[in-house]
Every structure is written in C-alpha cells, then in structure tokens.
file input26.txt (compact mmCIF, C-alpha atoms)
# COMPACT_ATOMS: atom_id res chain seq x y z
CA MET A 1 -17.92 1.01 11.74
CA ILE A 2 -16.54 1.41 8.22
CA THR A 3 -17.46 4.46 6.18
CA ILE A 4 -17.53 3.88 2.42
CA ILE A 5 -16.91 7.05 0.41
CA ILE A 6 -17.76 7.09 -3.29
CA PRO A 7 -16.89 10.34 -5.12
CA VAL A 8 -19.10 10.73 -8.20
CA HIS A 9 -18.99 13.08 -11.17
CA ASN A 10 -21.88 12.03 -13.44
CA GLN A 11 -21.61 8.45 -14.79
CA ILE A 12 -25.01 7.71 -13.30
CA GLU A 13 -25.37 4.17 -14.64
CA TYR A 14 -21.97 3.09 -13.35
CA THR A 15 -22.82 4.68 -10.01
CA ARG A 16 -26.13 2.82 -9.89
CA GLN A 17 -24.40 -0.52 -10.55
CA CYS A 18 -21.68 0.15 -7.99
CA ILE A 19 -24.08 1.09 -5.20
CA ALA A 20 -26.32 -1.88 -6.00
CA THR A 21 -23.43 -4.32 -5.53
CA VAL A 22 -22.35 -2.59 -2.31
CA ARG A 23 -25.86 -2.94 -0.89
CA ALA A 24 -26.26 -6.56 -2.03
CA ASN A 25 -22.82 -7.90 -1.17
CA THR A 26 -21.69 -6.20 2.04
CA ARG A 27 -22.32 -7.94 5.35
CA ALA A 28 -19.99 -5.90 7.56
CA PRO A 29 -21.53 -2.84 9.23
CA TYR A 30 -20.93 0.23 7.09
CA ARG A 31 -22.11 3.72 6.35
CA LEU A 32 -22.27 4.87 2.74
CA ILE A 33 -21.38 8.43 1.74
CA VAL A 34 -21.73 9.48 -1.89
CA VAL A 35 -20.04 12.75 -2.82
CA ASP A 36 -21.86 14.42 -5.72
CA ASN A 37 -18.79 16.09 -7.15
CA GLY A 38 -20.34 18.77 -9.37
CA SER A 39 -22.52 16.34 -11.35
CA THR A 40 -24.99 17.52 -13.96
CA GLU A 41 -26.71 14.12 -13.93
CA PRO A 42 -29.12 13.27 -11.05
CA VAL A 43 -26.69 10.99 -9.18
CA ALA A 44 -27.82 12.35 -5.80
CA GLY A 45 -31.26 10.84 -6.32
CA VAL A 46 -29.78 7.42 -7.05
CA ALA A 47 -27.64 7.62 -3.90
CA GLU A 48 -30.44 8.82 -1.65
CA THR A 49 -32.76 6.08 -2.91
CA ALA A 50 -30.08 3.58 -1.89
CA GLY A 51 -29.94 5.01 1.63
CA ALA A 52 -26.64 6.82 1.22
CA THR A 53 -25.71 10.12 2.79
CA VAL A 54 -25.11 12.59 -0.03
CA VAL A 55 -22.54 15.37 0.20
CA ARG A 56 -22.84 17.91 -2.59
CA SER A 57 -20.21 20.10 -4.25
CA GLU A 58 -21.27 22.62 -6.87
CA THR A 59 -18.04 22.04 -8.79
CA ASN A 60 -15.91 19.00 -9.59
CA ARG A 61 -13.15 19.12 -6.99
CA GLY A 62 -11.36 16.07 -8.36
CA PHE A 63 -10.91 12.73 -6.65
CA ALA A 64 -8.95 14.05 -3.66
CA GLY A 65 -11.30 16.99 -3.14
CA GLY A 66 -14.35 14.75 -3.35
CA VAL A 67 -12.89 12.27 -0.90
CA ASN A 68 -12.04 15.06 1.53
CA LEU A 69 -15.64 16.28 1.47
CA GLY A 70 -16.72 12.77 2.43
CA LEU A 71 -14.06 12.45 5.12
CA ALA A 72 -15.58 15.38 6.97
CA HIS A 73 -18.63 13.17 7.61
CA ALA A 74 -16.85 9.83 8.13
CA GLU A 75 -16.37 7.72 11.24
CA GLY A 76 -14.24 4.66 11.93
CA HIS A 77 -12.14 3.09 9.21
CA VAL A 78 -12.67 4.56 5.73
CA LEU A 79 -13.08 2.75 2.42
CA LEU A 80 -12.48 4.80 -0.73
CA LEU A 81 -14.31 3.35 -3.72
CA ASN A 82 -14.50 4.43 -7.35
CA ASN A 83 -18.00 4.57 -8.77
CA ASP A 84 -16.99 2.40 -11.76
CA THR A 85 -16.42 -0.68 -9.60
CA LEU A 86 -18.51 -3.78 -8.87
CA VAL A 87 -17.94 -5.48 -5.53
CA PRO A 88 -18.58 -9.22 -4.94
CA PRO A 89 -19.88 -10.92 -1.78
CA GLY A 90 -17.40 -10.77 1.10
CA TRP A 91 -15.28 -8.04 -0.46
CA LEU A 92 -15.32 -5.68 2.51
CA GLU A 93 -15.06 -8.42 5.13
CA GLY A 94 -11.89 -9.70 3.45
CA LEU A 95 -10.33 -6.25 3.30
CA GLU A 96 -11.22 -5.59 6.93
CA ALA A 97 -9.65 -8.88 8.00
CA ALA A 98 -6.48 -7.98 6.10
CA LEU A 99 -6.35 -4.48 7.62
CA LEU A 100 -6.87 -5.72 11.17
CA SER A 101 -4.54 -8.73 10.93
CA ALA A 102 -1.75 -6.65 12.51
CA PRO A 103 -1.86 -3.35 14.42
CA ASP A 104 0.75 -1.69 12.18
CA ILE A 105 -1.19 -2.19 8.93
CA GLY A 106 -2.50 1.20 7.83
CA MET A 107 -4.14 0.45 4.49
CA ALA A 108 -5.33 -2.56 2.51
CA GLY A 109 -6.47 -3.00 -1.09
CA PRO A 110 -7.76 -5.87 -3.25
CA MET A 111 -6.65 -7.39 -6.52
CA SER A 112 -8.44 -6.27 -9.69
CA ASN A 113 -8.76 -6.67 -13.44
CA TYR A 114 -8.04 -2.98 -14.11
CA VAL A 115 -5.41 -1.34 -11.92
CA SER A 116 -1.77 -0.33 -12.21
CA GLY A 117 1.00 -2.08 -10.34
CA SER A 118 1.06 -5.33 -8.44
CA GLN A 119 -2.68 -5.45 -7.72
CA LEU A 120 -3.39 -6.29 -11.36
CA ILE A 121 -4.58 -9.73 -12.47
CA PRO A 122 -4.08 -9.56 -16.25
CA ASP A 123 -6.19 -11.00 -19.06
CA LEU A 124 -9.48 -11.27 -17.20
CA ASN A 125 -12.71 -10.99 -19.19
CA PHE A 126 -16.23 -11.16 -17.79
CA GLY A 127 -19.58 -11.13 -19.53
CA HIS A 128 -21.85 -10.90 -16.50
CA ILE A 129 -21.82 -10.04 -12.80
CA ASP A 130 -22.33 -13.72 -11.99
CA GLU A 131 -18.96 -14.50 -13.60
CA ILE A 132 -17.29 -11.77 -11.54
CA GLU A 133 -18.75 -13.12 -8.33
CA ALA A 134 -17.81 -16.72 -9.19
CA TYR A 135 -14.23 -15.66 -9.93
CA ALA A 136 -14.02 -13.65 -6.71
CA ALA A 137 -15.31 -16.59 -4.66
CA GLN A 138 -12.75 -18.94 -6.21
CA ARG A 139 -9.92 -16.50 -5.61
CA ARG A 140 -10.88 -16.22 -1.95
CA ARG A 141 -10.73 -20.01 -1.68
CA ASP A 142 -7.35 -20.08 -3.44
CA TYR A 143 -5.81 -17.36 -1.22
CA PRO A 144 -7.39 -17.66 2.24
CA ASN A 145 -6.03 -15.06 4.70
CA ALA A 146 -3.15 -14.19 2.33
CA ILE A 147 -1.71 -10.68 2.53
CA ARG A 148 1.33 -9.16 0.84
CA ASP A 149 3.29 -6.08 1.91
CA VAL A 150 3.62 -3.46 -0.81
CA ALA A 151 4.96 0.06 -1.26
CA ARG A 152 1.93 1.31 -3.18
CA LEU A 153 -1.83 0.78 -3.24
CA VAL A 154 -4.24 2.25 -5.79
CA GLY A 155 -7.15 4.37 -4.59
CA PHE A 156 -9.88 2.72 -6.70
CA CYS A 157 -10.72 0.57 -3.66
CA LEU A 158 -8.71 1.40 -0.57
CA LEU A 159 -9.45 0.65 3.09
CA ILE A 160 -7.74 3.03 5.54
CA ARG A 161 -7.37 2.33 9.26
CA ASP A 162 -8.76 5.11 11.44
CA THR A 163 -5.41 5.69 13.19
CA ALA A 164 -3.56 5.88 9.86
CA LEU A 165 -6.11 8.39 8.62
CA ALA A 166 -5.64 10.47 11.76
CA ALA A 167 -1.87 10.40 11.29
CA ALA A 168 -1.80 11.18 7.55
CA GLY A 169 -4.74 13.58 7.38
CA PRO A 170 -6.78 14.40 4.26
CA LEU A 171 -5.74 13.77 0.67
CA ASP A 172 -3.68 16.41 -1.14
CA GLU A 173 -5.97 18.32 -3.51
CA ALA A 174 -3.04 19.79 -5.44
CA TYR A 175 -3.30 16.86 -7.88
CA GLY A 176 -6.48 18.36 -9.32
CA VAL A 177 -8.86 16.06 -11.13
CA GLY A 178 -6.80 13.02 -10.15
CA ASN A 179 -3.74 10.75 -10.47
CA PHE A 180 -0.92 10.43 -7.95
CA GLU A 181 -3.00 11.57 -4.97
CA ASP A 182 -3.13 7.89 -3.91
CA ASP A 183 0.64 7.50 -4.41
CA ASP A 184 1.07 10.60 -2.29
CA TYR A 185 -1.14 9.15 0.44
CA CYS A 186 0.73 5.85 0.44
CA VAL A 187 4.04 7.62 1.09
CA ARG A 188 2.52 9.61 3.93
CA VAL A 189 0.99 6.54 5.58
CA LEU A 190 4.27 4.63 5.27
CA ARG A 191 6.19 7.54 6.77
CA ALA A 192 3.72 7.60 9.65
CA GLY A 193 4.97 4.10 10.51
CA PHE A 194 2.23 1.96 8.99
CA ARG A 195 2.34 -0.90 6.50
CA LEU A 196 0.41 -1.26 3.25
CA VAL A 197 -0.91 -4.68 2.28
CA VAL A 198 -2.74 -6.33 -0.59
CA ASP A 199 -5.56 -8.70 0.29
CA GLU A 200 -4.46 -11.43 -2.13
CA GLY A 201 -7.77 -13.26 -1.86
CA GLY A 202 -9.82 -10.14 -2.49
CA PHE A 203 -11.06 -9.13 -5.92
CA VAL A 204 -13.00 -6.04 -6.99
CA PHE A 205 -14.03 -5.52 -10.61
CA HIS A 206 -13.05 -2.14 -12.09
CA TYR A 207 -14.29 -0.75 -15.41
CA GLY A 208 -11.52 1.84 -15.21
CA ASN A 209 -11.05 5.52 -16.08
CA ARG A 210 -14.72 6.16 -16.83
CA THR A 211 -14.79 9.62 -15.24
CA PHE A 212 -11.52 10.66 -16.89
CA GLN A 213 -12.84 9.58 -20.28
CA SER A 214 -16.07 11.54 -19.78
CA LEU A 215 -13.94 14.64 -19.09
CA GLY A 216 -12.02 14.16 -22.34
CA LEU A 217 -8.82 13.11 -20.58
CA VAL A 218 -7.63 10.63 -23.20
CA ASP A 219 -4.57 10.27 -25.45
CA SER A 220 -2.35 13.39 -25.29
CA ALA A 221 -4.52 15.09 -22.66
CA TRP A 222 -4.16 12.02 -20.42
CA ASP A 223 -0.41 11.96 -20.98
CA ARG A 224 -0.13 15.62 -19.99
CA LEU A 225 -2.12 15.00 -16.80
CA ILE A 226 0.12 12.08 -15.83
CA GLU A 227 3.28 14.06 -16.60
CA THR A 228 2.14 17.10 -14.61
CA ASN A 229 1.07 15.14 -11.53
CA ALA A 230 4.11 12.87 -11.65
CA ALA A 231 6.32 15.96 -11.53
CA LEU A 232 4.32 17.34 -8.59
CA PHE A 233 4.63 14.04 -6.73
CA GLY A 234 8.36 13.80 -7.41
CA ALA A 235 9.00 17.36 -6.25
CA LYS A 236 7.09 16.86 -3.01
CA PHE A 237 8.94 13.78 -1.72
CA ASP A 238 12.64 13.00 -1.52
CA LEU A 239 12.18 9.35 -2.47
CA ARG A 240 14.84 6.76 -3.03
CA PRO A 241 14.08 4.21 -5.79
CA GLU A 242 13.70 1.42 -3.24
CA ASP A 243 11.01 3.38 -1.40
CA ARG A 244 8.65 2.64 -4.27
CA LEU A 245 9.47 -1.06 -4.61
CA ASP A 246 7.08 -3.71 -3.29
CA GLU A 247 10.12 -5.96 -2.74
CA TYR A 248 11.50 -3.44 -0.25
CA ARG A 249 8.31 -3.55 1.84
CA GLN A 250 8.11 -7.34 1.62
CA ALA A 251 11.73 -7.53 2.78
CA LEU A 252 10.88 -5.42 5.82
CA GLN A 253 8.07 -7.79 6.71
CA ILE A 254 10.33 -10.83 6.33
CA ASN A 255 12.92 -9.04 8.46
CA ARG A 256 10.29 -8.55 11.18
CA GLU A 257 9.52 -12.27 11.04
CA GLY A 258 13.22 -12.95 11.43
CA GLY A 259 13.28 -10.82 14.57
CA GLU A 260 10.31 -12.70 15.99
CA ALA A 261 12.05 -16.01 15.31
CA LEU A 262 15.26 -14.79 16.93
CA ARG A 263 13.43 -13.61 20.05
CA GLY A 264 11.62 -16.93 20.16
CA GLY A 265 14.89 -18.86 20.11
CA ASP A 266 14.52 -20.29 16.58
CA LEU A 267 17.94 -19.33 15.27
CA ALA A 268 17.70 -21.38 12.06
CA ALA A 269 14.42 -19.68 11.09
CA ALA A 270 15.86 -16.26 11.88
CA LEU A 271 18.86 -16.86 9.62
CA ARG A 272 16.57 -18.08 6.84
CA HIS A 273 14.29 -15.04 7.10
CA TYR A 274 17.16 -12.55 7.11
CA ARG A 275 18.76 -14.17 4.05
CA ASP A 276 15.41 -14.12 2.24
CA ALA A 277 15.05 -10.44 3.11
CA ILE A 278 18.49 -9.70 1.66
CA ARG A 279 17.58 -11.47 -1.58
CA LEU A 280 14.55 -9.19 -1.93
CA ALA A 281 16.25 -5.96 -0.83
CA PRO A 282 20.05 -6.33 -1.01
CA ARG A 283 20.65 -2.62 -0.43
CA LEU A 284 18.68 -2.40 2.81
CA ALA A 285 21.32 -2.06 5.53
CA ARG A 286 18.99 -3.26 8.26
CA ASN A 287 18.81 -6.73 6.69
CA HIS A 288 22.60 -7.13 6.78
CA ASN A 289 22.89 -5.82 10.34
CA ASP A 290 20.21 -8.17 11.63
CA LEU A 291 21.68 -11.15 9.79
CA ALA A 292 25.03 -10.32 11.41
CA VAL A 293 23.45 -10.41 14.87
CA ALA A 294 21.93 -13.83 14.13
CA LEU A 295 25.22 -15.12 12.71
CA TRP A 296 27.01 -13.96 15.85
CA GLN A 297 24.56 -15.86 18.02
CA ALA A 298 25.04 -18.90 15.79
CA GLY A 299 28.79 -18.77 16.46
CA ALA A 300 29.76 -17.63 12.94
CA ARG A 301 31.59 -14.62 14.32
CA GLY A 302 33.88 -13.91 11.38
CA GLN A 303 30.91 -13.95 9.00
CA ALA A 304 28.99 -11.69 11.37
CA LEU A 305 31.80 -9.12 11.38
CA GLU A 306 31.97 -9.03 7.59
CA ARG A 307 28.18 -8.75 7.29
CA ILE A 308 28.12 -5.75 9.64
CA LYS A 309 30.67 -4.08 7.37
CA VAL A 310 28.32 -4.57 4.42
CA ALA A 311 25.56 -2.84 6.38
CA LEU A 312 27.81 0.13 7.09
CA GLN A 313 29.06 0.38 3.53
CA LEU A 314 25.42 0.77 2.52
CA GLU A 315 24.57 3.18 5.36
CA PRO A 316 27.66 4.64 7.06
CA ASP A 317 25.65 6.55 9.69
CA TYR A 318 23.72 3.47 10.85
CA ALA A 319 24.27 3.87 14.61
CA GLU A 320 23.15 0.39 15.65
CA ALA A 321 25.44 -1.27 13.11
CA ARG A 322 28.41 0.87 14.20
CA GLU A 323 27.86 -0.13 17.82
CA ASN A 324 27.52 -3.78 16.84
CA LEU A 325 30.76 -3.60 14.86
CA LEU A 326 32.64 -2.09 17.81
CA ASP A 327 31.24 -4.72 20.19
CA MET A 328 32.26 -7.51 17.82
CA GLY A 329 35.73 -6.03 17.40
CA ARG A 330 36.28 -5.94 21.14
CA ALA A 331 34.97 -9.51 21.59
CA LEU A 332 37.28 -10.79 18.83
CA ASP A 333 40.26 -8.77 20.15
CA ARG A 334 40.27 -6.85 16.85
CA ASP A 335 39.29 -3.50 18.28
CA ALA A 336 42.10 -1.48 16.67
CA GLU A 337 41.45 -3.06 13.27
CA VAL A 338 37.73 -2.29 13.47
CA ARG A 339 38.29 1.32 14.56
CA ALA A 340 40.75 1.86 11.71
CA TRP A 341 38.18 0.45 9.29
CA LEU A 342 35.55 2.90 10.56
CA VAL A 343 37.96 5.82 10.19
CA ALA A 344 38.63 4.81 6.59
CA LEU A 345 34.88 4.47 5.96
CA ASP A 346 34.18 7.94 7.34
CA ALA A 347 36.98 9.42 5.20
CA ARG A 348 35.46 8.23 1.93
call {"tool": "encode", "arguments": {"input": "input26.txt", "output": "structure tokens"}}
result
Amino acid sequence: MITIIIPVHNQIEYTRQCIATVRANTRAPYRLIVVDNGSTEPVAGVAETAGATVVRSETNRGFAGGVNLGLAHAEGHVLLLNNDTLVPPGWLEGLEAALLSAPDIGMAGPMSNYVSGSQLIPDLNFGHIDEIEAYAAQRRRDYPNAIRDVARLVGFCLLIRDTALAAAGPLDEAYGVGNFEDDDYCVRVLRAGFRLVVDEGGFVFHYGNRTFQSLGLVDSAWDRLIETNAALFGAKFDLRPEDRLDEYRQALQINREGGEALRGGDLAAALRHYRDAIRLAPRLARNHNDLAVALWQAGARGQALERIKVALQLEPDYAEARENLLDMGRALDRDAEVRAWLVALDAR
C-alpha cells in the first residue's frame, strides 16, 4: 500500500485538478489523504467527493505540519504531493519501481518542469494536459528503469519507503509555512543509512509556489522566508559542502558497484568504477582506499601504497585505511618507513 498525502491550504481549483489526475492516472494500489490545512475554501468537499480521507486542521500548520497530520493516518510507503501538481499515467508505478529497486533506497522523486536542483528539466512549456502526458510517456521511453543517486530531493512529489519513514520520523515543523523542511528530511534519511534517487524516466508537472503566492510570500517576503529557514537548516546540521553534492552520492553508488565487481572477480571493472568515483568525488577518502585495495590485487603495489596515503591525507583517522597502509608496509618490507609517515601525519 502507498499512502498519498496532499496538504492543502485553499487553492481549490488546483487541488481539484491534482486529485483528478491522481484518480485517472494511478494504477498502483493507494490510499489518498488530503489534509485541509486551515482552508477557508471548501477543499474538504472536493476531496471527499473524490473518495479521499480528509484530515482537518483549524489553522495553517505549514507544509511540514500538514504532512505530519496526514502521517498519523498513513500506512505503507508514503507519497508527499503538492496540490499544484498534475500527474501523468504511470507516475506512481515508476516512482515505486525506483524506490524498490534496491533495499537501501529510502526516497525517490521524479523530474519536473518547476523544481530546484537536479530534478529540473528547463524550458518546458505546455498548453494542455494532453501535452504533459505525451511528454511524460516519451520521457519514460527514453529513460527506462534509469535512476540517479542524489544528495537532495524536493518535497513537491516525494515517495518515502516505510522503513526510512520509521527511521527518520515526522517532518520538522520548525520551518513554519515551508521551505527547507524537505532538505532537512533528506539529511535525516541519508544519515539513517538510506539512499536518495531520482526516477529519471518519471515526470510530474508542477505549477509551483501557488500556496506561497496566495499567502503573499513573494519578492522581499519570499527572500526573508528563505533566509530565515536556510539559517535554521544550517544551524541544525554540521554539514560539509560535499554532503549536499549530488556528485558525492553518485560517487558512493559507483564505489558500491566497484566493490561488487571486486567481489565478483572482475578486477578491471572494479578499477574502472573506483577511478570514476574519484573523478566525481576526489575528496572522498573511501574512494582512494578502495582503489588502493584493487590496485594491490592487480599487482600495482607501489601505486596502491601511494593511493592509501592520499586517503589518509584526506581523512587521517580513517581506521581501515591506516590498517591497510600498515599491512602494505609490512608486505613490501617498508614497515619502518610507513610507521614514520603515520607519525608525521599525526603530528600535523
């Protein structure tokens, strides 16, 4: 079962369109929950007519607060969906396939015409829902079963695995009306040991920012909201720059593929994967350590020793790399040299 949660604050016509496309274009089993987030318009009637469960808040609790109200009634995997979206045929099936393609994937999101970051397809213009659906169908044909590891997914359309949801818990309501609560959730899911992926063949149309605009959050007011929530997000997490880079997450996936190749006896493929991972994330010590192990197995022992040193220069406390360096030093009868190098490293 997938529970679709749509938080709504007014915007009744957008809500009507969104729910209509969900009903028409979703084949996978789902349950629809609409959170009436302090609306003054009769959105609850629209949702109930469409067969949705309606959860009502007397006040607008913001995106995170609205989602959390819906989560209290959810079961299975959860799909967060903005009410200013239009979904094409096969949208949810594609996202579900992406989410379940590996057990360590915690969240999946589609591409879109209106979204920040790497999920954006720029310069798309549509005049009718038929054009959106035709484009989505073609994109699925162009990118069958294609997923991409990322560091960040946007909450306009976000499928969350049940186990990732259990590990990360509810959204943080400190971000108020919205912005950065999805960034916050991505960090928490990643730190729980899950991956984030984009369903490259998936496309969901997004009008964008309709609720914010109706609340007067435009121009300088919008800028102040972004600045305030960005500061809150930055203060909450001790993030390194690479933690927010898609390339870093893609490098980790390529590194995993290198490990699979190495365990399967394909040394040439392992070396290729590890070098590709280093090109994407040159400051990730794990890539250099694992390449060193593969180089050692390939007989390039001098290169392996130097590569391990690179890993330790990047991360001096990397226990596995230190042990590998000591083992290599002993095997090459360079134990004293290696130990002296480690002493000098620790003295820096």
call {"tool": "atom_distance", "arguments": {"input": "input26.txt", "atom1": "CA of Ala321 (chain A)", "atom2": "CA of Pro103 (chain A)"}}
result
27.4 Å
call {"tool": "closest_residue", "arguments": {"input": "input26.txt", "among": "A:Arg191, A:His77, A:Arg23, A:Arg139", "to": "Asp238 (chain A)", "atoms": "only C-alpha atoms"}}
result
A:Arg191
call {"tool": "residues_around", "arguments": {"input": "input26.txt", "residues": "region 261-273 of chain A", "least_positions_apart": "4", "cutoff": "9 Å", "atoms": "only C-alpha atoms", "output": "list of chain:residue names"}}
result
A:Ile254, A:Asn255, A:Arg256, A:Glu257, A:Ala277, A:Ile278, A:Leu291, A:Ala294, A:Leu295, A:Gln297, A:Ala298
call {"tool": "closest_residue", "arguments": {"input": "input26.txt", "among": "A:Phe126, A:Phe205, A:Tyr143, A:Tyr248", "to": "Leu81 (chain A)", "atoms": "all atoms listed in the file"}}
result
A:Phe205
call {"tool": "closest_residue", "arguments": {"input": "input26.txt", "among": "A:Gly169, A:Pro316, A:Ala52, A:Leu32", "to": "Ala347 (chain A)", "atoms": "only C-alpha atoms"}}
result
A:Pro316
call {"tool": "residues_around", "arguments": {"input": "input26.txt", "residues": "Gly65 (chain A)", "least_positions_apart": "2", "cutoff": "10 Å", "atoms": "only C-alpha atoms", "output": "JSON, numbers by chain"}}
result
{"A": [7, 35, 37, 57, 60, 61, 62, 63, 67, 68, 69, 70, 71, 170, 171, 172, 173, 174, 175, 176, 177, 178]}
call {"tool": "closest_residue", "arguments": {"input": "input26.txt", "among": "A:Ala231, A:Ile6, A:Val154, A:Ala331", "to": "Gly66 (chain A)", "atoms": "only C-alpha atoms"}}
result
A:Ile6
call {"tool": "residues_around", "arguments": {"input": "input26.txt", "residues": "Arg249 (chain A)", "least_positions_apart": "2", "cutoff": "6 Å", "atoms": "all atoms listed in the file", "output": "PyMOL selection string"}}
result
chain A and resi 149-151+246-247+251-252
call {"tool": "atom_distance", "arguments": {"input": "input26.txt", "atom1": "CA of Leu159 (chain A)", "atom2": "CA of Leu196 (chain A)"}}
result
10.0 Å
call {"tool": "build_atoms", "arguments": {"input": "input26.txt", "residues": "region 39-49 of chain A", "atoms": "all heavy atoms", "output": "PDB file, in the coordinates of the input"}}
result
ATOM      1  N   SER A  39     -21.838  17.067 -10.274  1.00  0.00           N
ATOM      2  CA  SER A  39     -22.520  16.340 -11.350  1.00  0.00           C
ATOM      3  C   SER A  39     -23.621  17.180 -11.980  1.00  0.00           C
ATOM      4  O   SER A  39     -24.271  17.988 -11.312  1.00  0.00           O
ATOM      5  CB  SER A  39     -23.126  15.034 -10.814  1.00  0.00           C
ATOM      6  OG  SER A  39     -22.127  14.181 -10.317  1.00  0.00           O
ATOM      7  N   THR A  40     -23.829  16.954 -13.273  1.00  0.00           N
ATOM      8  CA  THR A  40     -24.990  17.520 -13.960  1.00  0.00           C
ATOM      9  C   THR A  40     -26.078  16.468 -14.127  1.00  0.00           C
ATOM     10  O   THR A  40     -27.214  16.801 -14.455  1.00  0.00           O
ATOM     11  CB  THR A  40     -24.584  18.067 -15.334  1.00  0.00           C
ATOM     12  OG1 THR A  40     -23.947  17.030 -16.096  1.00  0.00           O
ATOM     13  CG2 THR A  40     -23.617  19.239 -15.178  1.00  0.00           C
ATOM     14  N   GLU A  41     -25.741  15.211 -13.916  1.00  0.00           N
ATOM     15  CA  GLU A  41     -26.710  14.120 -13.930  1.00  0.00           C
ATOM     16  C   GLU A  41     -27.273  13.943 -12.512  1.00  0.00           C
ATOM     17  O   GLU A  41     -26.601  14.281 -11.528  1.00  0.00           O
ATOM     18  CB  GLU A  41     -26.057  12.828 -14.410  1.00  0.00           C
ATOM     19  CG  GLU A  41     -25.488  12.911 -15.819  1.00  0.00           C
ATOM     20  CD  GLU A  41     -24.741  11.649 -16.218  1.00  0.00           C
ATOM     21  OE1 GLU A  41     -24.861  10.622 -15.511  1.00  0.00           O
ATOM     22  OE2 GLU A  41     -24.015  11.682 -17.233  1.00  0.00           O
ATOM     23  N   PRO A  42     -28.482  13.371 -12.375  1.00  0.00           N
ATOM     24  CA  PRO A  42     -29.120  13.270 -11.050  1.00  0.00           C
ATOM     25  C   PRO A  42     -28.598  12.104 -10.211  1.00  0.00           C
ATOM     26  O   PRO A  42     -29.357  11.244  -9.770  1.00  0.00           O
ATOM     27  CB  PRO A  42     -30.599  13.086 -11.409  1.00  0.00           C
ATOM     28  CG  PRO A  42     -30.583  12.386 -12.720  1.00  0.00           C
ATOM     29  CD  PRO A  42     -29.404  12.943 -13.463  1.00  0.00           C
ATOM     30  N   VAL A  43     -27.273  12.091  -9.949  1.00  0.00           N
ATOM     31  CA  VAL A  43     -26.690  10.990  -9.180  1.00  0.00           C
ATOM     32  C   VAL A  43     -27.125  11.036  -7.718  1.00  0.00           C
ATOM     33  O   VAL A  43     -27.187  10.005  -7.050  1.00  0.00           O
ATOM     34  CB  VAL A  43     -25.152  10.988  -9.292  1.00  0.00           C
ATOM     35  CG1 VAL A  43     -24.713  10.719 -10.717  1.00  0.00           C
ATOM     36  CG2 VAL A  43     -24.565  12.298  -8.804  1.00  0.00           C
ATOM     37  N   ALA A  44     -27.416  12.231  -7.205  1.00  0.00           N
ATOM     38  CA  ALA A  44     -27.820  12.350  -5.800  1.00  0.00           C
ATOM     39  C   ALA A  44     -29.095  11.563  -5.540  1.00  0.00           C
ATOM     40  O   ALA A  44     -29.238  10.920  -4.491  1.00  0.00           O
ATOM     41  CB  ALA A  44     -28.016  13.814  -5.423  1.00  0.00           C
ATOM     42  N   GLY A  45     -30.022  11.586  -6.486  1.00  0.00           N
ATOM     43  CA  GLY A  45     -31.260  10.840  -6.320  1.00  0.00           C
ATOM     44  C   GLY A  45     -31.026   9.357  -6.249  1.00  0.00           C
ATOM     45  O   GLY A  45     -31.647   8.645  -5.433  1.00  0.00           O
ATOM     46  N   VAL A  46     -30.136   8.846  -7.073  1.00  0.00           N
ATOM     47  CA  VAL A  46     -29.780   7.420  -7.050  1.00  0.00           C
ATOM     48  C   VAL A  46     -29.202   7.056  -5.688  1.00  0.00           C
ATOM     49  O   VAL A  46     -29.548   6.039  -5.086  1.00  0.00           O
ATOM     50  CB  VAL A  46     -28.773   7.090  -8.164  1.00  0.00           C
ATOM     51  CG1 VAL A  46     -28.223   5.677  -8.006  1.00  0.00           C
ATOM     52  CG2 VAL A  46     -29.421   7.263  -9.529  1.00  0.00           C
ATOM     53  N   ALA A  47     -28.292   7.893  -5.190  1.00  0.00           N
ATOM     54  CA  ALA A  47     -27.640   7.620  -3.900  1.00  0.00           C
ATOM     55  C   ALA A  47     -28.627   7.683  -2.749  1.00  0.00           C
ATOM     56  O   ALA A  47     -28.613   6.825  -1.852  1.00  0.00           O
ATOM     57  CB  ALA A  47     -26.499   8.611  -3.690  1.00  0.00           C
ATOM     58  N   GLU A  48     -29.477   8.677  -2.743  1.00  0.00           N
ATOM     59  CA  GLU A  48     -30.440   8.820  -1.650  1.00  0.00           C
ATOM     60  C   GLU A  48     -31.435   7.668  -1.644  1.00  0.00           C
ATOM     61  O   GLU A  48     -31.825   7.172  -0.577  1.00  0.00           O
ATOM     62  CB  GLU A  48     -31.165  10.158  -1.790  1.00  0.00           C
ATOM     63  CG  GLU A  48     -30.266  11.344  -1.443  1.00  0.00           C
ATOM     64  CD  GLU A  48     -30.881  12.671  -1.845  1.00  0.00           C
ATOM     65  OE1 GLU A  48     -31.904  12.654  -2.580  1.00  0.00           O
ATOM     66  OE2 GLU A  48     -30.339  13.727  -1.458  1.00  0.00           O
ATOM     67  N   THR A  49     -31.847   7.232  -2.819  1.00  0.00           N
ATOM     68  CA  THR A  49     -32.760   6.080  -2.910  1.00  0.00           C
ATOM     69  C   THR A  49     -32.127   4.835  -2.302  1.00  0.00           C
ATOM     70  O   THR A  49     -32.822   3.993  -1.713  1.00  0.00           O
ATOM     71  CB  THR A  49     -33.143   5.826  -4.375  1.00  0.00           C
ATOM     72  OG1 THR A  49     -33.792   6.987  -4.901  1.00  0.00           O
ATOM     73  CG2 THR A  49     -34.065   4.633  -4.513  1.00  0.00           C
TER      74      THR A  49
END
